[in-house]
Amino acid sequence: MNWTAISAIYRFEMARFFRTLLQSFLSPVLSTSLYFVVFGAAIGSRITEVEGVSYGAFIVPGLVMLSVMTQSISNAAFGIYFPKFVGTVYELLSAPITFIEIVIGYVGAAATKALFIGTVILITSSFFVDLEIVHPLAMVAFLLLTCLSFALFGFIIGIWARSFEQLQLIPLLIVTPLVFLGGSFYSVSMLPPAWQTVTLFNPVLYLISGFRWAFFGMSDVPVGMSLLAITFFTSLCIGAIWWIFRTGWRLRE
Amino acid sequence: MTPILSIQDLRKSYAGGFEALKGVSLDIHEGEILALLGPNGAGKTTLISTICGITTMTSGQVSVGGHDIVHDFRAARSMIGLVPQEVNLEPFEKVWNTVRFSRGLFGKPRNDALIEQILRKLSLWDKKDSTIKELSGGMKRRVLIAKALSHEPRVLFLDEPTAGVDVELRKDMWDIVAELKADGVTIILTTHYIEEAEAIADRVGVINHGELLLVEEKSALIARMGQKQIEVQFGEPLGAVPASLARHGLELGQDGQSLIYTYDTQAERTGITTLLNDVAQAGLVLRDVQTRQSSLEDIFVGLVSDRKPANRPGEMQ
Ligand SMILES: Nc1ncnc2c1ncn2[C@@H]1O[C@H](COP(=O)(O)OP(=O)(O)OP(=O)(O)O)[C@@H](O)[C@H]1O
Ligand SMILES: [Mg+2]
C-alpha cells in the first residue's frame with residue numbers, strides 16, 4: 001500500500017474543504033435550523049409523538065442521514081469529476097498507484113467531510129430537542145458506514161459523469177426522492193398499507209431505519225435487515241469501482 | 001547496454017476503431033534526448049499516453065528500466081515524469097501545494113528543499129503562493145514541469161514543452177533539458193519546431209500516421225539524408241549561367257557573382273569533379289567555394305509529405 005500517495009490525495013481533497021470551511025459549516029447549521037422551524041414547529045405542533053418519541057427528536061436521524069447521504073455523494077462525485085474536467089486526472093492515471101489507493105484517498109476524504117457535516121447537524125439538533133442515544137456505538141457505526149458507502153456511490157457517479165449536469169442528475173433525480181420517501185420525516189407505519197409495501201423496495205429506508213434504531217431503540221424494519229442492506233450496497237459499489245478500474249471505463253478510454 | 005525504455009510493436013486503437021499507433025518499436029538509452037517529430041495527429045501524444053498509463057494499449061510491450069508497464073506498473077511508473085501537452089492544472093490551487101501533491105502522489109517522502117530548488121530553477125519561487133489562475137500561460141507550463149520534476153523521474157516525457165512559449169523561455173527550457181541530461185535523466189520530447197530537435201536532441205524520430213518512419217542519430221540523419229549545396233563564387237558578375245555549364249543544372253546566386261550546385265550526398269557520383277573541371281574549362285576565376293547542408297526541416301518535410309518513403313531503414317509494416 002502506498003500510504004504516501006493516499007495521504008497526498010486525502011490531504012489535497014481536505015484542503016479544498018478547509019478553504020471553504022465557513023461555508024461548509026454554516027450551510028448545514030442553517031438548513032438544520034430551518035428544518036426544525038418548518039417540520040418541528042409547524043408539523044410537530046400537530047404530530048406530537050411518533051411511537052413514543054417526540055416528533056422533533058424523531059426527525060433528527062432522518063435529517064442527519066439526508067445530509068450525510070447527499071454530501072457523501074456530491075463530495076466524492078465532485079472530487080473525482082473535477083480532475084477529469086480540468087484534465088489533472090492524467091496525473092492520477094500516470095502515478096505509481098493502484099485503484100484501491102485512489103479510491104481510499106478520494107472516498108476517505110469525501111466520507112470525512114460528510115461525517116463532519118453529519119456531526120454538525122447532530123450538535124445543532126441538540127439545541128432544539130433533547131437527544132438521547134440508546135446505542136451510541138451502533139449510531140457511530142451506521143453513520144460511518146453510510147458516509148463510506150454513499151461516498152463510494154458518489155465516486156462512481158463522478159467517473160460516469162461527462163458534464164456538470166450529469167453530475168447533478170442522479171443525486172437530484174434518484175437519491176433525494178429516495179431519501180425523502182425513505183422515512184426521513186415519518187414512520188413507515190404512518191403510511192397506508194399499499195405504500196408501506198412499496199416503501200420496502202426503497203433501499204434508503206433500511207439505512208434510516210437502522211440509524212433511527214440506534215437512537216431510539218425502535219425501527220421500521222429489523223436492524224439486521226438494515227445492516228444487510230448497507231453491506232450489500234457497499235459491496236455493490238466496491239464491485240462497480242473494481243470493474244471501472246479494471247476496464248478503464250471513462251477514465252482511460 | 002540495456003535500453004531504459006523499450007517499446008515493442010506497440011499498437012493502440014481508440015474506441016471508435018481508429019488505429020492511432022500501428023506497431024511502434026523503439027529503444028531509448030539511458031541519458032539520451034530523443035526528439036519526436038511529426039505533424040498534427042501523427043500519434044505522438046498517444047504514444048506518450050500509452051507508455052505513461054493514461055490510455056491502455058491494444059497490444060505490444062513496453063518496459064521502463066526493465067519493468068513492464070502493465071505487470072510491474074508501480075516500479076515502471078515511479079521512474080517516469082510527464083509534462084502533458086495540454087495545460088492541465090486545477091485553477092484554484094496554489095503552486096506550492098500542487099507541486100507538493102505531485103511528489104506525494106508518486107509516493108516520495110516530503111522534501112520541501114527539493115521543491116524549493118525546482119521552483120527556483122524554473123523561476124517560479126516568487127509565485128509559489130499564487131493560485132494557478134493568476135499565472136500566465138508560460139508560467140503554467142513551468143508549473144507542469146515542476147510537478148513532473150518533483151518526484152525525481154529518471155525518464156521524462158515532454159509533450160510539446162515549448163508550444164506557445166516565448167523565445168526566452170524556450171531557451172530556458174533547453175537549458176533545463178541540458179541540465180537534466182547532465183544529471184542522467186532520459187528525455188523524450190515531442191515538438192513541431194525542427195530547430196528545437198536540431199538544437200537539443202541526440203536522436204530524432206519521425207512519426208506519421210501512427211508509424212515511426214525513422215529514428216536516427218541527429219548528425220547521421222542530416223548526413224545520410226541531407227542534400228548539400230556548393231556555392232561557387234567568382235571574381236566578376238556572370239549575368240546568367242554560362243551555356244557551357246548548362247548540363248549541371250546550376251542556379252545563379254542572388255548577387256549574380258556565384259553559381260549554386262545542389263547534389264545528393266548519398267549519390268554515387270556527386271558530380272563535383274566534373275563541375276569544377278567545366279568551370280576551369282570555361283575560364284572562370286574562382287574566388288571562393290562554400291558548402292551548405294540542408295537542415296532537418298528539409299528532411300522532415302520530405303519524409304512526411306512522402307507517405308511511403310522509398311529509402312526507409314528497416315521497413316516495418
Ligand atoms: N481519445 C481519443 N479518441 C479517439 N481518437 C483519438 C483520441 N485521442 C487521439 N485520437 C486520434 O489519434 C490520432 C493521434 O492523435 P495524437 O494526439 O496522438 O496526435 P499528436 O501527434 O500528438 O498530434 P499533435 O501534434 O496535434 O499534438 C489523431 O488522429 C487523433 O484524432
Ligand atoms: Mg500531441
# chains A, B, ... in the order shown; residues from 1 in each chain; ligands from 1
>>> residues_near_ligand(ligand="ligand 2", cutoff="8 Å", atoms="only C-alpha atoms and all ligand atoms", output="compact mmCIF listing (two decimals) with C-alpha atoms, in the first residue's frame")
# COMPACT_ATOMS: atom_id res chain seq x y z
CA ASN B 40 -0.64 17.12 -36.00
CA GLY B 41 -2.45 13.87 -35.34
CA ALA B 42 0.63 11.75 -36.03
CA GLY B 43 0.29 9.83 -32.76
CA LYS B 44 2.95 11.49 -30.62
CA THR B 45 0.69 12.18 -27.65
CA THR B 46 -0.94 8.78 -28.00
CA GLN B 85 0.75 18.83 -23.98
CA ASP B 159 4.91 16.71 -24.86
CA GLU B 160 5.48 19.90 -26.81
CA THR B 190 7.82 15.98 -28.96
>>> select_by_dssp(residues="segment 8-230 of chain A", states="strand (DSSP E)", output="list in words")
Glu49, Val50, Val53 and Ser54 of chain A
>>> interface_residues(of="chain A", to="chain B", cutoff="8 Å", atoms="only C-alpha atoms", output="JSON, numbers by chain")
{"A": [2, 3, 4, 5, 6, 7, 8, 9, 12, 83, 86, 87, 88, 90, 91, 92, 93, 94, 95, 96, 97, 248, 252, 253]}
>>> residues_around(residues="Leu228 of chain A", least_positions_apart="5", cutoff="12 Å", atoms="only C-alpha atoms", output="list of chain:residue names")
A:Phe142, A:Leu145, A:Pro203, A:Tyr206, A:Leu207, A:Gly210, A:Val221, A:Pro222, A:Val223, A:Phe233, A:Thr234, A:Ser235
>>> residues_around(residues="Arg247 of chain B", least_positions_apart="6", cutoff="12 Å", atoms="only C-alpha atoms", output="PyMOL selection string")
chain B and resi 241+261+271+274-275+278-279
>>> select_by_dssp(residues="segment 27-190 of chain A", states="helix (DSSP H, G or I)", output="PyMOL selection string")
chain A and resi 27-43+55-86+89-94+99-126+136-160+164-180+188-190
>>> closest_residue(among="A:Ile157, A:Glu51, A:Ile100, A:Thr119", to="Val175 of chain A", atoms="only C-alpha atoms")
A:Ile157
>>> closest_residue(among="A:Ile117, A:Tyr55, A:Ser219, A:Leu131", to="Ala42 of chain A", atoms="only C-alpha atoms")
A:Tyr55
>>> residues_around(residues="Ala146 of chain B", least_positions_apart="6", cutoff="7 Å", atoms="only C-alpha atoms", output="list in words")
Val99, Ile118 and Leu119 of chain B
>>> closest_residue(among="B:Gly137, B:Gly184, B:Gly210, B:Gly302", to="ligand 1", atoms="only C-alpha atoms and all ligand atoms")
B:Gly210
>>> closest_residue(among="A:Ser125, A:Leu251, A:Gly52, A:Ser67", to="ligand 1", atoms="only C-alpha atoms and all ligand atoms")
A:Leu251
>>> decode(residues="segment 215-230 of chain A", atoms="C-alpha atoms", output="PDB file, in the first residue's frame")
ATOM      1  CA  PHE A 215     -31.072   6.490  18.546  1.00  0.00           C
ATOM      2  CA  PHE A 216     -34.359   5.304  19.973  1.00  0.00           C
ATOM      3  CA  GLY A 217     -34.221   1.527  20.008  1.00  0.00           C
ATOM      4  CA  MET A 218     -37.175   1.241  17.620  1.00  0.00           C
ATOM      5  CA  SER A 219     -37.253   0.804  13.861  1.00  0.00           C
ATOM      6  CA  ASP A 220     -39.433   0.264  10.795  1.00  0.00           C
ATOM      7  CA  VAL A 221     -37.535  -2.834   9.726  1.00  0.00           C
ATOM      8  CA  PRO A 222     -35.402  -5.221  11.794  1.00  0.00           C
ATOM      9  CA  VAL A 223     -31.966  -3.797  12.413  1.00  0.00           C
ATOM     10  CA  GLY A 224     -30.324  -6.920  10.947  1.00  0.00           C
ATOM     11  CA  MET A 225     -32.021  -6.130   7.650  1.00  0.00           C
ATOM     12  CA  SER A 226     -30.583  -2.639   7.796  1.00  0.00           C
ATOM     13  CA  LEU A 227     -27.095  -3.971   8.294  1.00  0.00           C
ATOM     14  CA  LEU A 228     -27.565  -6.413   5.469  1.00  0.00           C
ATOM     15  CA  ALA A 229     -28.826  -3.678   3.170  1.00  0.00           C
ATOM     16  CA  ILE A 230     -25.914  -1.350   3.808  1.00  0.00           C
TER      17      ILE A 230
END
